[in-house]
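Engineer: Structure file model-v2.tsv, TSV, C-alpha atoms and all ligand atoms, is pasted below:
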```tsv
chain	number	residue	atom	x	y	z
A	128	MET	CA	-18.16	7.68	16.67
A	129	SER	CA	-18.25	7.09	12.93
A	130	LYS	CA	-14.62	7.29	11.75
A	131	SER	CA	-12.54	4.13	11.84
A	132	PRO	CA	-9.33	4.30	13.91
A	133	VAL	CA	-6.00	5.24	12.34
A	134	ARG	CA	-2.67	3.82	13.49
A	135	VAL	CA	-0.18	6.28	14.93
A	136	ALA	CA	3.34	4.98	15.61
A	137	VAL	CA	5.56	6.96	17.98
A	138	THR	CA	9.18	6.03	18.64
A	139	GLY	CA	11.07	7.04	21.77
A	140	ALA	CA	7.68	6.91	23.44
A	141	ALA	CA	9.06	6.86	26.99
A	142	GLY	CA	11.38	9.83	26.45
A	143	GLN	CA	10.76	13.43	27.37
A	144	ILE	CA	9.16	14.48	24.09
A	145	GLY	CA	7.10	11.29	24.09
A	146	TYR	CA	5.71	12.22	27.50
A	147	ALA	CA	4.63	15.63	26.23
A	148	LEU	CA	3.28	14.24	22.95
A	149	LEU	CA	1.27	11.09	23.53
A	150	PHE	CA	-1.43	12.61	25.72
A	151	ARG	CA	-2.12	15.29	23.14
A	152	ILE	CA	-2.36	12.77	20.29
A	153	ALA	CA	-4.67	10.68	22.45
A	154	SER	CA	-6.92	13.65	23.25
A	155	GLY	CA	-7.44	14.42	19.55
A	156	GLU	CA	-5.32	17.53	19.25
A	157	MET	CA	-3.33	16.11	16.34
A	158	LEU	CA	-5.89	14.43	14.10
A	159	GLY	CA	-9.15	15.89	15.31
A	160	LYS	CA	-11.61	15.32	18.12
A	161	ASP	CA	-13.57	12.86	15.96
A	162	GLN	CA	-10.63	10.65	14.91
A	163	PRO	CA	-10.02	7.49	16.99
A	164	VAL	CA	-6.39	6.37	17.18
A	165	ILE	CA	-4.49	3.18	17.85
A	166	LEU	CA	-1.16	4.12	19.45
A	167	GLN	CA	1.77	1.90	18.45
A	168	LEU	CA	4.61	2.79	20.78
A	169	LEU	CA	8.25	1.87	20.23
A	170	GLU	CA	11.04	1.97	22.79
A	171	ILE	CA	14.41	0.27	22.86
A	172	PRO	CA	14.05	-3.34	24.05
A	173	ASP	CA	16.05	-2.65	27.23
A	174	GLU	CA	14.10	-3.50	30.41
A	175	LYS	CA	14.33	-0.03	31.92
A	176	ALA	CA	12.92	1.67	28.82
A	177	GLN	CA	10.16	-0.92	28.41
A	178	ASN	CA	9.20	-0.48	32.08
A	179	ALA	CA	9.11	3.28	31.70
A	180	LEU	CA	6.88	2.78	28.65
A	181	LYS	CA	4.54	0.59	30.74
A	182	GLY	CA	4.23	3.45	33.21
A	183	VAL	CA	3.35	5.92	30.43
A	184	ILE	CA	0.69	3.51	29.18
A	185	MET	CA	-0.77	3.17	32.68
A	186	GLU	CA	-1.15	6.95	32.67
A	187	LEU	CA	-2.69	6.96	29.18
A	188	ASP	CA	-5.18	4.33	30.41
A	189	ASP	CA	-5.94	6.44	33.46
A	190	CYS	CA	-6.89	9.39	31.28
A	191	ALA	CA	-9.74	7.28	29.82
A	192	PHE	CA	-9.41	9.11	26.51
A	193	PRO	CA	-12.50	8.29	24.41
A	194	LEU	CA	-10.49	8.43	21.15
A	195	VAL	CA	-7.96	5.76	22.12
A	196	ALA	CA	-9.01	2.58	20.36
A	197	GLY	CA	-5.94	0.56	21.36
A	198	ILE	CA	-2.33	0.78	22.54
A	199	VAL	CA	0.55	-1.43	21.41
A	200	ALA	CA	3.89	-1.29	23.26
A	201	THR	CA	6.90	-2.91	21.66
A	202	GLY	CA	10.66	-3.01	21.22
A	203	ASP	CA	10.34	-4.16	17.60
A	204	PRO	CA	10.05	-1.51	14.85
A	205	GLU	CA	8.15	-3.92	12.57
A	206	VAL	CA	5.44	-4.27	15.21
A	207	ALA	CA	5.33	-0.54	15.88
A	208	PHE	CA	5.08	0.41	12.20
A	209	LYS	CA	2.68	-2.37	11.13
A	210	ASP	CA	0.03	-0.69	8.92
A	211	ALA	CA	0.93	2.69	10.47
A	212	ASP	CA	-0.86	5.66	8.91
A	213	TYR	CA	1.31	8.17	10.79
A	214	ALA	CA	4.81	7.65	12.18
A	215	LEU	CA	6.48	10.15	14.49
A	216	LEU	CA	10.16	9.22	14.73
A	217	VAL	CA	11.23	10.86	17.96
A	218	GLY	CA	13.45	8.18	19.50
A	219	ALA	CA	17.10	9.21	19.25
A	220	ARG	CA	19.79	10.61	21.47
A	221	PRO	CA	19.43	14.32	22.32
A	222	ARG	CA	22.47	16.62	22.38
A	223	GLY	CA	23.96	18.02	25.56
A	224	PRO	CA	25.62	21.37	26.29
A	225	GLY	CA	28.39	22.34	23.84
A	226	MET	CA	27.26	19.93	21.10
A	227	GLU	CA	25.75	20.74	17.70
A	228	ARG	CA	22.89	18.57	16.43
A	229	LYS	CA	25.07	17.19	13.63
A	230	ASP	CA	27.39	15.75	16.32
A	231	LEU	CA	24.56	13.24	16.90
A	232	LEU	CA	24.78	11.82	13.39
A	233	SER	CA	27.07	8.93	14.24
A	234	ALA	CA	24.97	8.00	17.30
A	235	ASN	CA	21.57	8.33	15.63
A	236	ALA	CA	21.96	7.61	11.92
A	237	GLN	CA	21.72	3.84	12.23
A	238	ILE	CA	18.39	4.13	14.03
A	239	PHE	CA	16.93	5.72	10.92
A	240	THR	CA	18.28	3.14	8.46
A	241	ALA	CA	16.69	0.38	10.53
A	242	GLN	CA	13.43	2.27	10.98
A	243	GLY	CA	13.25	3.29	7.30
A	244	LYS	CA	13.61	-0.37	6.35
A	245	ALA	CA	10.91	-1.41	8.81
A	246	LEU	CA	8.54	1.29	7.52
A	247	ASN	CA	9.26	0.13	3.97
A	248	LYS	CA	8.30	-3.39	4.90
A	249	VAL	CA	5.19	-3.00	7.04
A	250	ALA	CA	3.72	0.52	7.12
A	251	SER	CA	0.70	1.72	5.15
A	252	ARG	CA	1.80	2.83	1.66
A	253	ASN	CA	0.38	6.25	2.52
A	254	VAL	CA	2.16	6.57	5.85
A	255	LYS	CA	2.99	10.14	6.79
A	256	VAL	CA	6.40	10.18	8.48
A	257	LEU	CA	7.71	13.02	10.65
A	258	VAL	CA	11.31	12.82	11.84
A	259	VAL	CA	11.95	14.71	15.08
A	260	GLY	CA	15.13	12.95	16.27
A	261	ASN	CA	18.22	15.02	15.49
A	262	PRO	CA	19.77	15.89	13.14
A	263	ALA	CA	16.21	15.76	11.87
A	264	ASN	CA	16.69	16.63	8.16
A	265	THR	CA	19.46	14.13	7.57
A	266	ASN	CA	17.75	11.44	9.63
A	267	ALA	CA	14.64	11.92	7.49
A	268	TYR	CA	16.84	11.62	4.39
A	269	ILE	CA	18.31	8.35	5.73
A	270	ALA	CA	14.86	6.94	6.53
A	271	MET	CA	13.53	7.97	3.10
A	272	LYS	CA	16.49	6.39	1.26
A	273	SER	CA	16.08	3.22	3.34
A	274	ALA	CA	12.43	2.92	2.26
A	275	PRO	CA	12.56	2.74	-1.56
A	276	ASP	CA	9.07	1.26	-1.91
A	277	LEU	CA	7.40	4.20	-0.18
A	278	PRO	CA	6.89	7.54	-1.94
A	279	ALA	CA	9.72	9.93	-1.01
A	280	LYS	CA	7.18	12.68	-0.35
A	281	ASN	CA	5.91	10.72	2.68
A	282	PHE	CA	9.12	11.57	4.58
A	283	THR	CA	9.36	14.92	6.35
A	284	ALA	CA	11.52	16.54	9.01
A	285	MET	CA	10.45	18.89	11.77
A	286	LEU	CA	11.20	22.57	11.18
A	287	ARG	CA	7.95	23.65	12.74
A	288	LEU	CA	9.62	24.41	16.05
A	289	ASP	CA	11.86	26.90	14.24
A	290	HIS	CA	8.83	28.36	12.48
A	291	ASN	CA	6.96	28.75	15.78
A	292	ARG	CA	10.04	30.26	17.44
A	293	ALA	CA	10.37	32.79	14.62
A	294	ALA	CA	6.67	33.69	14.86
A	295	SER	CA	6.94	34.20	18.60
A	296	GLN	CA	9.97	36.52	18.23
A	297	ILE	CA	8.14	38.57	15.57
A	298	ALA	CA	5.02	38.83	17.74
A	299	ALA	CA	7.13	40.09	20.65
A	300	LYS	CA	8.99	42.60	18.46
A	301	THR	CA	5.85	44.02	16.80
A	302	GLY	CA	3.48	43.71	19.78
A	303	LYS	CA	0.99	41.87	17.53
A	304	PRO	CA	-0.78	38.56	18.23
A	305	VAL	CA	1.26	35.55	17.13
A	306	ASP	CA	-1.62	33.95	15.24
A	307	ALA	CA	-2.02	37.03	13.05
A	308	ILE	CA	1.34	36.34	11.37
A	309	GLU	CA	1.01	34.93	7.85
A	310	LYS	CA	3.53	33.91	5.21
A	311	LEU	CA	6.52	33.18	7.36
A	312	ALA	CA	9.14	30.73	6.10
A	313	VAL	CA	12.16	28.91	7.52
A	314	TRP	CA	14.52	27.63	4.86
A	315	GLY	CA	16.95	24.76	5.16
A	316	ASN	CA	18.32	22.70	8.00
A	317	HIS	CA	17.05	22.41	11.58
A	318	SER	CA	20.34	23.81	12.83
A	319	PRO	CA	21.83	27.26	13.50
A	320	THR	CA	22.29	27.63	9.71
A	321	MET	CA	18.51	27.73	9.14
A	322	TYR	CA	17.20	30.90	7.52
A	323	ALA	CA	14.06	32.28	9.15
A	324	ASP	CA	12.64	34.67	6.56
A	325	TYR	CA	9.94	37.27	7.25
A	326	ARG	CA	10.33	39.20	3.97
A	327	PHE	CA	6.95	37.95	2.74
A	328	ALA	CA	5.23	37.88	6.13
A	329	THR	CA	2.20	40.00	6.91
A	330	ILE	CA	0.17	40.85	9.99
A	331	GLY	CA	-3.37	41.97	9.26
A	332	GLY	CA	-2.28	42.70	5.69
A	333	GLN	CA	0.68	44.87	6.76
A	334	SER	CA	4.20	43.87	5.78
A	335	VAL	CA	6.21	42.54	8.75
A	336	LYS	CA	9.43	43.75	7.13
A	337	GLN	CA	8.04	47.28	6.98
A	338	LEU	CA	6.57	47.09	10.49
A	339	ILE	CA	9.95	46.05	11.93
A	340	ASN	CA	12.02	48.11	9.49
A	341	ASP	CA	15.31	47.10	11.09
A	342	ASP	CA	17.71	44.95	9.05
A	343	VAL	CA	20.29	45.06	11.83
A	344	TRP	CA	17.77	43.50	14.25
A	345	ASN	CA	17.03	40.84	11.62
A	346	LYS	CA	20.68	39.93	11.14
A	347	ASP	CA	22.10	40.42	14.62
A	348	THR	CA	19.19	39.52	16.90
A	349	PHE	CA	16.34	37.69	15.19
A	350	LEU	CA	18.30	35.14	13.13
A	351	PRO	CA	20.75	34.19	15.91
A	352	THR	CA	17.95	34.01	18.52
A	353	VAL	CA	15.85	31.65	16.42
A	354	GLY	CA	18.87	29.68	15.16
A	355	LYS	CA	20.36	29.13	18.61
A	356	ARG	CA	17.14	28.75	20.61
A	357	GLY	CA	17.62	25.00	21.08
A	358	ALA	CA	21.05	25.57	22.64
A	359	ALA	CA	19.70	28.37	24.86
A	360	ILE	CA	17.05	25.98	26.22
A	361	ILE	CA	19.66	23.27	26.85
A	362	ALA	CA	21.84	25.81	28.69
A	363	ALA	CA	18.89	26.92	30.83
A	364	ARG	CA	17.16	23.57	31.49
A	365	GLY	CA	20.07	21.18	31.28
A	366	LEU	CA	17.82	19.22	28.89
A	367	SER	CA	16.70	19.86	25.34
A	368	SER	CA	13.30	21.31	24.53
A	369	ALA	CA	10.48	18.83	25.02
A	370	ALA	CA	7.05	20.44	25.45
A	371	SER	CA	7.63	22.94	22.65
A	372	ALA	CA	9.06	20.19	20.44
A	373	ALA	CA	6.02	17.99	21.07
A	374	ASN	CA	3.78	20.97	20.35
A	375	ALA	CA	5.53	21.56	17.04
A	376	ALA	CA	5.15	17.87	16.13
A	377	ILE	CA	1.41	18.13	16.80
A	378	ASP	CA	1.22	21.30	14.67
A	379	HIS	CA	3.18	19.69	11.81
A	380	MET	CA	1.09	16.51	11.66
A	381	ARG	CA	-2.24	18.27	12.23
A	382	ASP	CA	-1.59	20.72	9.42
A	383	TRP	CA	-0.40	17.98	7.06
A	384	ALA	CA	-3.41	15.79	7.78
A	385	LEU	CA	-6.14	18.40	8.12
A	386	GLY	CA	-4.95	21.28	5.89
A	387	THR	CA	-3.86	24.86	6.44
A	388	ASN	CA	-6.59	26.70	4.52
A	389	GLY	CA	-4.02	28.51	2.43
A	390	LYS	CA	-1.84	29.50	5.39
A	391	TRP	CA	1.92	28.95	4.99
A	392	VAL	CA	3.70	26.68	7.43
A	393	THR	CA	7.26	25.35	7.35
A	394	MET	CA	7.98	21.67	6.76
A	395	GLY	CA	11.24	19.90	5.99
A	396	VAL	CA	10.40	18.00	2.78
A	397	PRO	CA	12.35	16.29	-0.01
A	398	SER	CA	13.25	18.77	-2.72
A	399	ASN	CA	12.23	18.26	-6.32
A	400	GLY	CA	14.64	21.00	-7.34
A	401	GLU	CA	12.59	23.93	-5.99
A	402	TYR	CA	14.74	27.05	-5.44
A	403	GLY	CA	17.76	25.23	-6.86
A	404	ILE	CA	17.98	22.71	-4.02
A	405	PRO	CA	19.19	19.32	-5.33
A	406	LYS	CA	16.55	16.61	-5.55
A	407	ASP	CA	15.85	14.63	-2.38
A	408	VAL	CA	17.63	16.99	0.03
A	409	ILE	CA	15.23	17.34	2.96
A	410	PHE	CA	14.95	21.10	3.11
A	411	GLY	CA	12.81	23.49	5.15
A	412	TYR	CA	10.37	25.18	2.78
A	413	PRO	CA	7.22	27.24	3.13
A	414	VAL	CA	4.31	24.97	2.24
A	415	THR	CA	0.54	24.98	2.17
A	416	THR	CA	-1.41	21.77	2.69
A	417	GLU	CA	-4.73	20.45	1.43
A	418	ASN	CA	-6.37	17.01	1.36
A	419	GLY	CA	-3.43	15.39	3.15
A	420	GLU	CA	-0.81	16.71	0.69
A	421	TYR	CA	1.70	19.52	1.09
A	422	LYS	CA	2.71	21.88	-1.69
A	423	ILE	CA	5.89	23.98	-1.66
A	424	VAL	CA	5.18	27.69	-2.14
A	425	GLU	CA	6.96	28.51	-5.39
A	426	GLY	CA	7.96	31.63	-7.25
A	427	LEU	CA	9.22	33.65	-4.27
A	428	ASP	CA	11.87	36.22	-4.96
A	429	ILE	CA	15.24	35.27	-3.45
A	430	ASP	CA	17.45	38.33	-2.93
A	431	SER	CA	21.23	38.12	-2.57
A	432	PHE	CA	21.22	38.02	1.27
A	433	SER	CA	18.62	35.23	1.22
A	434	GLN	CA	20.51	33.31	-1.47
A	435	GLU	CA	23.65	33.45	0.65
A	436	ARG	CA	21.77	32.09	3.66
A	437	ILE	CA	20.10	29.37	1.59
A	438	ASP	CA	23.46	28.34	0.10
A	439	PHE	CA	24.99	28.22	3.57
A	440	THR	CA	22.35	25.93	5.08
A	441	LEU	CA	22.34	23.75	1.92
A	442	LYS	CA	26.12	23.33	2.17
A	443	GLU	CA	25.72	21.98	5.70
A	444	LEU	CA	22.99	19.56	4.62
A	445	LEU	CA	25.13	18.27	1.76
A	446	GLU	CA	28.03	17.73	4.17
A	447	GLU	CA	25.74	15.81	6.53
A	448	GLN	CA	24.50	13.68	3.62
A	449	ASP	CA	28.07	12.98	2.61
A	450	GLY	CA	28.81	11.82	6.15
A	451	VAL	CA	26.09	9.13	6.02
A	452	LYS	CA	26.47	7.87	2.45
A	453	HIS	CA	28.15	4.67	3.68
A	454	LEU	CA	24.87	3.76	5.43
A	455	LEU	CA	22.72	4.01	2.33
B	1	LIG	P1	15.01	11.47	25.41
B	1	LIG	O1	16.38	10.93	25.62
B	1	LIG	O2	14.25	12.01	26.58
B	1	LIG	O3	14.09	10.34	24.76
B	1	LIG	C1	14.49	9.62	23.65
B	1	LIG	C2	13.86	8.24	23.80
B	1	LIG	O4	14.12	7.54	22.61
B	1	LIG	C3	14.47	7.44	24.96
B	1	LIG	O5	13.42	6.96	25.79
B	1	LIG	C4	15.21	6.31	24.24
B	1	LIG	O6	15.16	5.09	24.98
B	1	LIG	C5	14.40	6.21	22.96
B	1	LIG	N1	15.13	5.60	21.85
B	1	LIG	C6	16.45	5.68	21.55
B	1	LIG	N2	16.74	4.93	20.48
B	1	LIG	C7	15.57	4.39	20.07
B	1	LIG	C8	15.22	3.50	19.02
B	1	LIG	N3	16.15	3.02	18.17
B	1	LIG	N4	13.94	3.14	18.90
B	1	LIG	C9	13.01	3.59	19.75
B	1	LIG	N5	13.27	4.41	20.79
B	1	LIG	C10	14.55	4.81	20.93
B	1	LIG	O7	15.10	12.53	24.24
B	1	LIG	P2	14.02	13.63	23.82
B	1	LIG	O8	14.29	14.85	24.58
B	1	LIG	O9	12.67	13.02	23.84
B	1	LIG	O10	14.51	13.93	22.33
B	1	LIG	C11	14.40	12.98	21.30
B	1	LIG	C12	15.08	13.48	20.04
B	1	LIG	O11	14.37	14.62	19.52
B	1	LIG	C13	16.52	13.95	20.22
B	1	LIG	O12	17.30	13.51	19.11
B	1	LIG	C14	16.39	15.46	20.22
B	1	LIG	O13	17.60	16.09	19.85
B	1	LIG	C15	15.31	15.63	19.18
B	1	LIG	N6	14.62	16.93	19.13
B	1	LIG	C16	14.32	17.43	17.91
B	1	LIG	C17	13.65	18.65	17.80
B	1	LIG	C18	13.32	19.24	16.46
B	1	LIG	O14	12.85	20.39	16.42
B	1	LIG	N7	13.51	18.56	15.34
B	1	LIG	C19	13.27	19.33	18.97
B	1	LIG	C20	13.60	18.77	20.21
B	1	LIG	C21	14.28	17.57	20.27
B	2	LIG	C1	15.68	22.17	19.59
B	2	LIG	O1	15.78	22.89	18.61
B	2	LIG	O2	15.25	22.58	20.69
B	2	LIG	C2	16.03	20.70	19.46
B	2	LIG	O3	16.52	20.43	18.18
B	2	LIG	C3	16.95	20.23	20.53
B	2	LIG	C4	18.34	20.75	20.33
B	2	LIG	O4	19.28	19.94	20.35
B	2	LIG	O5	18.51	21.96	20.20
```
So that I can check it, write out the structure of this file as structure tokens.
Ligand code: NAD
Ligand code: LMR
Structural biologist:
Amino acid sequence: MSKSPVRVAVTGAAGQIGYALLFRIASGEMLGKDQPVILQLLEIPDEKAQNALKGVIMELDDCAFPLVAGIVATGDPEVAFKDADYALLVGARPRGPGMERKDLLSANAQIFTAQGKALNKVASRNVKVLVVGNPANTNAYIAMKSAPDLPAKNFTAMLRLDHNRAASQIAAKTGKPVDAIEKLAVWGNHSPTMYADYRFATIGGQSVKQLINDDVWNKDTFLPTVGKRGAAIIAARGLSSAASAANAAIDHMRDWALGTNGKWVTMGVPSNGEYGIPKDVIFGYPVTTENGEYKIVEGLDIDSFSQERIDFTLKELLEEQDGVKHLL
């Protein structure tokens, strides 16, 4: 094994997403089958959570993963984030039935000020941060603003689950394989206001918009199904999505680290004014990635329906930001 290990911090490591995520990171699905990892796992200091984390680590040990070069378990963010190259911020309260993700802001926002500060102090200056804990965009914004010595572009939020959900709905509607879909985008907030946009998408070179040719389906079925999928899963399972969320986190980090070969994916990233979004708002954009950097796809035509949807999701993000300004 020639590569030296990288440090991967995961918070909420004993939670349901953590349980679906860690084994896949450890097996090399996130950073490659030739990349050893040191797992730095954070849970709340409470005895029950730390015990549960011990159990997860026993299971990781029992998998005898060749790529695992070490495991650290801790209740202290500064230990978990020490020299971290990747940080997956999952630990946060999930919503229950009847709640919106933004209802979690008051419960979860403080977690991300504390963790942003800890990242600022001890993480690698190149750390790639993915915020999964909800409301993911605004939590990523809080962490970014709490880490002024790290580049803002290192902070991202997870919209990949929405992207994957949209792709799966399009594959079912068109009867085409999901991995043949190119140039799909999800704009905005990880919330029901998100705008999943297949106007530019193609399958085998054919336009998805033309293949579907049904604007009523887009407006009345596709957008609400993708936008409310999280709630539908909570209603069915009694718990929020976990395996599909972990899968999306793996997809997001893998593509960021290893590149997309020109393929578009959706990431929530700080705006630099692209498409009229105010600077630093963490917004879902179509991106391509190369050499460990993402690049927003620019120059796309925004028609009046799309502009309305983008304005709507931006308005919600600005309201969420306003609600946390006292923390920053
Ligand atoms: P969970 O309750 O099963 O696990 C969360 C874990 O985080 C718990 O073990 C808890 O002890 C831990 N935790 C809480 N505060 C912490 C802190 N300050 N530091 C470290 N650990 C902490 O929840 P889950 O189902 O794993 O979901 C986690 C979060 O991910 C929720 O906020 C959920 O809404 C969100 N989520 C986001 C997406 C997305 O697409 N962005 C998808 C699914 C879930
Ligand atoms: C999801 O989209 O499944 C997650 O954000 C969990 C939730 O609260 O919906």
Engineer: Identify, counting all atoms listed in the file, the protein, DNA and RNA residues located within 9 Å of ligand LIG 2 (chain B), and give them as a PyMOL selection string.
Structural biologist: chain A and resi 221-224+226-228+259-263+285-286+288-289+317-318+354-361+366-369+371-372
Engineer: Find the residues near Leu148 (chain A): any atom within 8 Å, counting all atoms listed in the file, skip ones fewer than 2 places away on the same chain, and give them as a list in words.
Structural biologist: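 Final neighbour list, sorted by chain and number: Ile144, Gly145, Tyr146, Phe150, Arg151, Ile152, Ala370, Ala373, Asn374, Ala376 and Ile377 of chain A.
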Engineer: Using the file's own x, y and z axes, so that the box edges lie along x, y and z, what centre and edge lengths in Å (one decimal) does a box around every listed atom of ligand LIG 1 (chain B) get when 4 Å is added on each side? Give it as AutoDock Vina command-line options.
Structural biologist:
```
--center_x 15.1 --center_y 11.7 --center_z 21.0 --size_x 12.9 --size_y 25.4 --size_z 19.2
```
Engineer: Work out how far apart CA of Glu447 (chain A) and CA of Ser295 (chain A) are and give it in Å to one decimal.
Structural biologist: 28.9 Å
Engineer: Give me the residues near Asn281 (chain A) as a list in words, where near means some atom within 10 Å (using all atoms listed in the file) and where sequence neighbours in that chain fewer than 5 positions away do not count.
Structural biologist: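 Here the qualifying residues turn out to be Tyr213, Arg252, Asn253, Val254, Lys255, Val256, Leu257, Met271, Val396, Pro397, Glu420 and Tyr421 of chain A.
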Engineer: Rank A:Pro278, A:Pro304, A:Gly426, A:Gly315 by their smallest atom-to-atom distance to Thr393 (chain A), using only C-alpha atoms, and report the top residue only.
Structural biologist: A:Gly315
Engineer: Just to confirm, what's the straight-line distance from CA of Ser334 (chain A) to CA of Ser433 (chain A) in Å (one decimal)?
Structural biologist: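 Result for CA of Ser334 (chain A) versus CA of Ser433 (chain A): 17.4 Å, one decimal.
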Engineer: With only C-alpha atoms and all ligand atoms as the atoms that count, which of A:Gln143, A:Ser273, A:Thr348, A:Ser398 lies nearest to ligand LIG 1 (chain B)?
Structural biologist: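 With only C-alpha atoms and all ligand atoms as the atom set, the closest residue is A:Gln143.
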Engineer: Go ahead and compute the interatomic distance for CA of Leu166 (chain A) and CA of Val135 (chain A), in Å to one decimal.
Structural biologist: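 CA of Val135 (chain A) lies 5.1 Å from CA of Leu166 (chain A).
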Engineer: What's around Gln296 (chain A) at 12 Å? Count all atoms listed in the file, leave out sequence neighbours fewer than 5 positions away in its own chain, and write the answer as number ranges by chain.
Structural biologist: A: 289-291, 301-305, 308, 311, 323, 325, 335, 339, 344-345, 348-354, 356
Engineer: I need the chosen residues saved as a compact mmCIF listing (two decimals), in the coordinates of the input, with C-alpha atoms.
Structural biologist:
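This is the output file selection.txt:
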```
# COMPACT_ATOMS: atom_id res chain seq x y z
CA ASP A 289 11.86 26.90 14.24
CA HIS A 290 8.83 28.36 12.48
CA ASN A 291 6.96 28.75 15.78
CA THR A 301 5.85 44.02 16.80
CA GLY A 302 3.48 43.71 19.78
CA LYS A 303 0.99 41.87 17.53
CA PRO A 304 -0.78 38.56 18.23
CA VAL A 305 1.26 35.55 17.13
CA ILE A 308 1.34 36.34 11.37
CA LEU A 311 6.52 33.18 7.36
CA ALA A 323 14.06 32.28 9.15
CA TYR A 325 9.94 37.27 7.25
CA VAL A 335 6.21 42.54 8.75
CA ILE A 339 9.95 46.05 11.93
CA TRP A 344 17.77 43.50 14.25
CA ASN A 345 17.03 40.84 11.62
CA THR A 348 19.19 39.52 16.90
CA PHE A 349 16.34 37.69 15.19
CA LEU A 350 18.30 35.14 13.13
CA PRO A 351 20.75 34.19 15.91
CA THR A 352 17.95 34.01 18.52
CA VAL A 353 15.85 31.65 16.42
CA GLY A 354 18.87 29.68 15.16
CA ARG A 356 17.14 28.75 20.61
```
Engineer: Of the candidates A:Ile404, A:Leu169, A:Ala196, A:Val313, which shows the shortest atom-to-atom distance to ligand LIG 1 (chain B), using all atoms listed in the file?
Structural biologist: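 Counting all atoms listed in the file, the residue closest to ligand LIG 1 (chain B) is A:Leu169.
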Engineer: Would you kindly identify which residues have an atom no farther than 9 Å from (12.9, 0.0, 8.3), using all atoms listed in the file and the file's own coordinates, and write them out as a list in words?
Structural biologist: Pro204, Glu205, Phe208, Ile238, Phe239, Thr240, Ala241, Gln242, Gly243, Lys244, Ala245, Leu246, Asn247, Lys248, Val249, Ala270, Ser273 and Ala274 of chain A
Engineer: When you count all atoms listed in the file, which of these residues is closest to Lys452 (chain A): A:Val343, A:Val164, A:Ile269, A:Val408?
Structural biologist: A:Ile269
Engineer: Measuring between all atoms listed in the file, which one of A:Ser131, A:Gln337, A:Gln448, A:Asn388 shows the shortest distance to Asn266 (chain A)?
Structural biologist: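 Distance minimum relative to Asn266 (chain A) lands on A:Gln448.
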Engineer: Taking only C-alpha atoms and all ligand atoms into account, which of A:Glu156, A:Glu417, A:Asp189, A:Asp203 comes nearest ligand LIG 1 (chain B)?
Structural biologist: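 Result for the nearest residue to ligand LIG 1 (chain B): A:Asp203.
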Engineer: Would you mind listing what lies within 12 Å of Glu186 (chain A) as a list in words, with all atoms listed in the file counted and same-chain residues fewer than 4 positions away left out?
Structural biologist: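 Close residues of Glu186 (chain A): Ala141, Tyr146, Leu149, Phe150, Ala153, Ala179, Leu180, Lys181, Gly182, Cys190, Ala191, Phe192 and Ile198 of chain A.
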Engineer: Tell me which protein, DNA and RNA residues are within 12 Å of Asn178 (chain A), counting only C-alpha atoms, leaving out same-chain ones fewer than 4 positions away, and put them as a ChimeraX atom specification.
Structural biologist: /A:140-142,170-174,182-185,200-202
